[in-house]
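Input: a single structure, listed below in structure tokens.
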Amino acid sequence: MERYSRHSELIGKLDFQKIKNSKIAVIGSGGLGSTVLQLLARIGFGEIHHWDYAILDLPDLNRQILYTSLDIGKPKALLANQKLKEINPEIKIFSYNEKLDEHTKIPKVDLVIDCLDNFKSRLVLDKVFFDKGVPVIHAGVFRYIGQITALIPGKTQNYAETFGMESDPKEVTIKEVFPSIVTTLASIQVNEAAKYITGRTDKMLINKILVVDLFNNSFDTIEI
């Protein structure tokens with residue numbers, strides 16, 4: 001337990017055991033996912049499953065802090081698997097070098113963290129996770145701005161209904177992102193995950209969207 005000694009007592013022994021016993025899915029090992037995965041591993045979430053089919057390229061390094069220049073040209077899923085095991089060999093890591101779709105076979109998990117970068121791919125999360133009773137912690141970033149909310153079956157609407165998405169939107173990937181907004185939103189995502197796993201849903205962003213604007217130093221919560 002020495003590895004976790006700086007935060008396990010802060011969380012409490014019983015709640016930290018819940019974290020150690022948890023199974024988390026992370027979709028995307030890029031900007032948001034790079035920070036989310038690191039924090040999950042360092043905090044001690046017991047089992048992590050993550051999906052990404054992209055290859056690391058040079059512009060990724062401005063915000064994808066799990067990787068280095070030596071990793072360029074390699075699959076992100078395989079890189080993340082290796083690096084997370086180096087960070088914390090005590091947890092279980094399962095990496096899938098493939099694109100998640102509605103036919104993907106999903107293991108049993110307690111929670112999924114949405115680290116995708118386009119709206120079309122996010123709609124798959126409704127079918128694969130939300131419709132099967134698995135909560136989704138969503139975040140999205142653009143330039144200096146980010147948004148985050150918790151989508152929980154039985155308490156909120158799904159992704160498509162929450163954001164008024166079409167059934168088949170165009171797959172638009174957002175490229176212009178300042179690095180610090182990515183790490184900020186990813187950190188809040190992991191915070192929300194910890195709250196859910198430890199039963200503190202009363203403190204979560206349920207039926208609320210937190211909008212963060214780092215350029216103007218504003219944090220605004222919008223009721224849905």
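In the structure tokens, chains take letters A, B, ... by order of appearance, with residues numbered from 1 within each chain and ligands from 1 in the order shown.
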
Backbone DSSP call of strand (DSSP E) for range 2-219 of chain A, listed as JSON, numbers by chain: {"A": [23, 24, 25, 26, 27, 47, 48, 49, 50, 51, 92, 93, 94, 95, 96, 111, 112, 113, 114, 136, 137, 138, 139, 140, 141, 142, 145, 146, 147, 148, 149, 150, 151, 208, 209, 210, 211, 212, 213, 218, 219]}

Would you save the residues of that selection, restricted to N, CA and C atoms, as a compact mmCIF listing (two decimals), in the first residue's frame?
# COMPACT_ATOMS: atom_id res chain seq x y z
N LYS A 23 -13.46 -1.86 -12.35
CA LYS A 23 -13.08 -2.17 -13.74
C LYS A 23 -13.54 -1.01 -14.61
N ILE A 24 -12.57 -0.35 -15.24
CA ILE A 24 -12.84 0.87 -15.99
C ILE A 24 -12.50 0.68 -17.46
N ALA A 25 -13.36 1.19 -18.34
CA ALA A 25 -13.07 1.21 -19.77
C ALA A 25 -12.72 2.64 -20.18
N VAL A 26 -11.71 2.79 -21.01
CA VAL A 26 -11.31 4.10 -21.53
C VAL A 26 -11.30 4.00 -23.05
N ILE A 27 -12.08 4.85 -23.71
CA ILE A 27 -12.14 4.81 -25.16
C ILE A 27 -11.33 5.97 -25.72
N GLU A 47 -8.54 -2.52 -12.64
CA GLU A 47 -8.54 -3.14 -13.96
C GLU A 47 -8.94 -2.09 -14.99
N ILE A 48 -8.10 -1.93 -16.00
CA ILE A 48 -8.34 -0.91 -17.03
C ILE A 48 -8.36 -1.56 -18.40
N HIS A 49 -9.43 -1.29 -19.15
CA HIS A 49 -9.54 -1.72 -20.54
C HIS A 49 -9.54 -0.47 -21.41
N HIS A 50 -8.71 -0.43 -22.45
CA HIS A 50 -8.73 0.76 -23.30
C HIS A 50 -8.58 0.41 -24.78
N TRP A 51 -9.25 1.24 -25.58
CA TRP A 51 -9.30 1.04 -27.03
C TRP A 51 -8.73 2.25 -27.76
N LYS A 92 -4.28 -4.42 -13.51
CA LYS A 92 -4.45 -5.18 -14.75
C LYS A 92 -4.76 -4.22 -15.89
N ILE A 93 -4.02 -4.37 -17.00
CA ILE A 93 -4.20 -3.50 -18.16
C ILE A 93 -4.53 -4.36 -19.37
N PHE A 94 -5.61 -3.99 -20.06
CA PHE A 94 -5.99 -4.70 -21.28
C PHE A 94 -6.11 -3.67 -22.40
N SER A 95 -5.30 -3.81 -23.44
CA SER A 95 -5.29 -2.86 -24.55
C SER A 95 -5.86 -3.51 -25.81
N TYR A 96 -6.64 -2.73 -26.55
CA TYR A 96 -7.26 -3.23 -27.77
C TYR A 96 -6.91 -2.29 -28.92
N LEU A 111 -17.72 1.27 -15.46
CA LEU A 111 -17.77 2.66 -15.91
C LEU A 111 -16.95 2.80 -17.18
N VAL A 112 -17.35 3.72 -18.08
CA VAL A 112 -16.54 4.02 -19.25
C VAL A 112 -16.23 5.51 -19.27
N ILE A 113 -15.00 5.84 -19.64
CA ILE A 113 -14.57 7.23 -19.76
C ILE A 113 -14.38 7.54 -21.24
N ASP A 114 -15.13 8.52 -21.70
CA ASP A 114 -15.13 8.92 -23.12
C ASP A 114 -13.98 9.87 -23.39
N VAL A 136 -21.31 6.69 -18.49
CA VAL A 136 -20.29 7.27 -19.37
C VAL A 136 -19.87 8.63 -18.80
N ILE A 137 -18.58 8.82 -18.61
CA ILE A 137 -18.06 10.13 -18.22
C ILE A 137 -17.54 10.80 -19.48
N HIS A 138 -18.28 11.79 -19.95
CA HIS A 138 -17.96 12.45 -21.22
C HIS A 138 -17.13 13.70 -21.00
N ALA A 139 -16.20 13.94 -21.92
CA ALA A 139 -15.51 15.22 -21.98
C ALA A 139 -15.16 15.51 -23.44
N GLY A 140 -15.15 16.77 -23.79
CA GLY A 140 -14.74 17.20 -25.11
C GLY A 140 -13.98 18.51 -24.99
N VAL A 141 -13.01 18.72 -25.88
CA VAL A 141 -12.19 19.93 -25.81
C VAL A 141 -12.05 20.58 -27.18
N PHE A 142 -11.89 21.90 -27.20
CA PHE A 142 -11.70 22.66 -28.43
C PHE A 142 -10.99 23.96 -28.08
N ILE A 145 -11.19 25.61 -24.59
CA ILE A 145 -12.47 25.33 -23.90
C ILE A 145 -12.74 23.83 -23.82
N GLY A 146 -13.35 23.41 -22.71
CA GLY A 146 -13.72 22.01 -22.57
C GLY A 146 -15.06 21.88 -21.87
N GLN A 147 -15.71 20.75 -22.06
CA GLN A 147 -16.97 20.47 -21.37
C GLN A 147 -16.93 19.06 -20.82
N ILE A 148 -17.66 18.84 -19.73
CA ILE A 148 -17.68 17.53 -19.11
C ILE A 148 -19.02 17.30 -18.42
N THR A 149 -19.51 16.07 -18.50
CA THR A 149 -20.73 15.69 -17.81
C THR A 149 -20.73 14.19 -17.58
N ALA A 150 -21.54 13.75 -16.64
CA ALA A 150 -21.69 12.32 -16.35
C ALA A 150 -23.04 11.84 -16.87
N LEU A 151 -23.02 10.83 -17.72
CA LEU A 151 -24.24 10.25 -18.27
C LEU A 151 -24.48 8.91 -17.58
N LYS A 208 -25.82 18.02 -15.35
CA LYS A 208 -25.11 19.29 -15.37
C LYS A 208 -23.92 19.15 -16.33
N ILE A 209 -23.61 20.24 -17.00
CA ILE A 209 -22.41 20.27 -17.84
C ILE A 209 -21.49 21.35 -17.29
N LEU A 210 -20.28 20.96 -16.98
CA LEU A 210 -19.26 21.92 -16.56
C LEU A 210 -18.52 22.40 -17.81
N VAL A 211 -18.52 23.71 -18.04
CA VAL A 211 -17.80 24.29 -19.17
C VAL A 211 -16.61 25.06 -18.62
N VAL A 212 -15.42 24.67 -19.08
CA VAL A 212 -14.18 25.28 -18.61
C VAL A 212 -13.55 26.09 -19.74
N ASP A 213 -13.28 27.34 -19.48
CA ASP A 213 -12.61 28.21 -20.46
C ASP A 213 -11.32 28.71 -19.81
N SER A 218 -12.69 30.84 -16.65
CA SER A 218 -14.06 30.67 -16.21
C SER A 218 -14.43 29.20 -16.10
N PHE A 219 -15.18 28.87 -15.04
CA PHE A 219 -15.72 27.54 -14.81
C PHE A 219 -17.21 27.72 -14.58

Selection: 9 Å around range 75-88 of chain A, only C-alpha atoms, excl. self and same-chain fewer than 4 positions, as a list of chain:residue names: A:Arg3, A:Gly28, A:Ser29, A:Gly30, A:Ser34, A:Leu37, A:Gln38, A:Ala41, A:Arg42, A:Gly44, A:His50, A:Trp51, A:Asp52, A:Tyr53, A:Ala54, A:Ile55, A:Leu56, A:Leu66, A:Tyr67, A:Asp71, A:Lys92, A:Ile93, A:Phe94, A:Ser95, A:Tyr96, A:Asn97, A:Glu98

Proximity to Asn118 in chain A - best of A:Asp220, A:Gly12, A:Asn21, A:Met165, only C-alpha atoms: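 Looking only at the distances to Asn118 in chain A, the closest residue turns out to be A:Met165.
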
Residue nearest Gly154 in chain A among A:Ile206, A:Ile224, A:Leu116, A:Leu61 (counting only C-alpha atoms):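 Looking at the shortest contact to Gly154 in chain A, the residue is A:Ile206.
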
Distance criterion (only C-alpha atoms): nearest to Thr201 in chain A out of A:Pro135, A:Pro179, A:Gly46, A:Pro59: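 Nearest candidate to Thr201 in chain A out of A:Pro135, A:Pro179, A:Gly46, A:Pro59: A:Pro135.
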
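With only C-alpha atoms as the atoms that count, the residue of A:Ile91, A:Ile11, A:Leu32, A:Ile152 with the shortest distance to Thr183 in chain A is A:Leu32.
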
Using only C-alpha atoms: which of A:Lys132, A:Lys99, A:Arg63, A:Lys175 has the shortest distance to Asp117 in chain A: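 Once distances to Asp117 in chain A are computed over only C-alpha atoms, the minimum belongs to A:Lys175.
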
Helix (DSSP H, G or I) per DSSP on the backbone: members of range 2-33 of chain A, as a list in words: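 Reading the DSSP output for range 2-33 of chain A, helix (DSSP H, G or I) covers Glu2, Arg3, Tyr4, Ser8, Glu9, Leu10, Ile11, Lys13, Leu14, Asp15, Phe16, Gln17, Lys18, Ile19, Lys20, Gly31, Leu32 and Gly33 of chain A.
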
Selection export as an mmCIF file, in the first residue's frame, atoms kept: N, CA and C atoms:
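After the write, out.cif holds the following:
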data_model
loop_
_atom_site.group_PDB
_atom_site.id
_atom_site.type_symbol
_atom_site.label_atom_id
_atom_site.label_comp_id
_atom_site.auth_asym_id
_atom_site.auth_seq_id
_atom_site.Cartn_x
_atom_site.Cartn_y
_atom_site.Cartn_z
ATOM 1 N N GLU A 2 2.170 1.124 0.125
ATOM 2 C CA GLU A 2 3.022 2.311 0.145
ATOM 3 C C GLU A 2 2.864 3.129 -1.130
ATOM 4 N N ARG A 3 2.648 2.455 -2.251
ATOM 5 C CA ARG A 3 2.474 3.127 -3.533
ATOM 6 C C ARG A 3 1.339 4.162 -3.474
ATOM 7 N N TYR A 4 0.299 3.844 -2.715
ATOM 8 C CA TYR A 4 -0.899 4.685 -2.662
ATOM 9 C C TYR A 4 -1.002 5.494 -1.364
ATOM 10 N N SER A 8 -4.566 7.158 -0.373
ATOM 11 C CA SER A 8 -5.497 6.116 0.064
ATOM 12 C C SER A 8 -6.203 6.488 1.377
ATOM 13 N N GLU A 9 -5.478 7.089 2.320
ATOM 14 C CA GLU A 9 -6.108 7.486 3.585
ATOM 15 C C GLU A 9 -7.041 8.678 3.381
ATOM 16 N N LEU A 10 -6.689 9.538 2.439
ATOM 17 C CA LEU A 10 -7.556 10.669 2.110
ATOM 18 C C LEU A 10 -8.900 10.167 1.594
ATOM 19 N N ILE A 11 -8.862 9.134 0.755
ATOM 20 C CA ILE A 11 -10.084 8.546 0.210
ATOM 21 C C ILE A 11 -10.817 7.745 1.272
ATOM 22 N N LYS A 13 -10.164 3.883 3.660
ATOM 23 C CA LYS A 13 -9.811 2.494 3.351
ATOM 24 C C LYS A 13 -10.907 1.757 2.586
ATOM 25 N N LEU A 14 -12.150 1.907 3.019
ATOM 26 C CA LEU A 14 -13.246 1.190 2.358
ATOM 27 C C LEU A 14 -13.453 1.684 0.930
ATOM 28 N N ASP A 15 -13.417 2.997 0.758
ATOM 29 C CA ASP A 15 -13.610 3.544 -0.582
ATOM 30 C C ASP A 15 -12.413 3.246 -1.483
ATOM 31 N N PHE A 16 -11.218 3.241 -0.915
ATOM 32 C CA PHE A 16 -10.063 2.916 -1.740
ATOM 33 C C PHE A 16 -10.111 1.456 -2.193
ATOM 34 N N GLN A 17 -10.650 0.593 -1.367
ATOM 35 C CA GLN A 17 -10.799 -0.802 -1.764
ATOM 36 C C GLN A 17 -11.779 -0.921 -2.936
ATOM 37 N N LYS A 18 -12.806 -0.085 -2.951
ATOM 38 C CA LYS A 18 -13.738 -0.063 -4.082
ATOM 39 C C LYS A 18 -13.009 0.329 -5.368
ATOM 40 N N ILE A 19 -12.118 1.287 -5.250
ATOM 41 C CA ILE A 19 -11.329 1.714 -6.411
ATOM 42 C C ILE A 19 -10.434 0.572 -6.887
ATOM 43 N N LYS A 20 -9.785 -0.108 -5.958
ATOM 44 C CA LYS A 20 -8.911 -1.219 -6.326
ATOM 45 C C LYS A 20 -9.674 -2.362 -6.982
ATOM 46 N N GLY A 31 -5.354 12.493 -26.579
ATOM 47 C CA GLY A 31 -5.221 13.658 -25.711
ATOM 48 C C GLY A 31 -5.809 13.451 -24.339
ATOM 49 N N LEU A 32 -7.123 13.331 -24.253
ATOM 50 C CA LEU A 32 -7.765 13.073 -22.969
ATOM 51 C C LEU A 32 -7.321 11.734 -22.389
ATOM 52 N N GLY A 33 -7.338 10.704 -23.216
ATOM 53 C CA GLY A 33 -7.021 9.354 -22.746
ATOM 54 C C GLY A 33 -5.637 9.217 -22.175
#

Contacts of range 101-107 of chain A within 7 Å, only C-alpha atoms, excl. fewer than 5 positions in-chain, as number ranges by chain: A: 124, 127-128

Nearest candidate to Thr156 in chain A (options A:Ser121, A:Asn207, A:Thr184, A:Thr221; using only C-alpha atoms): A:Asn207
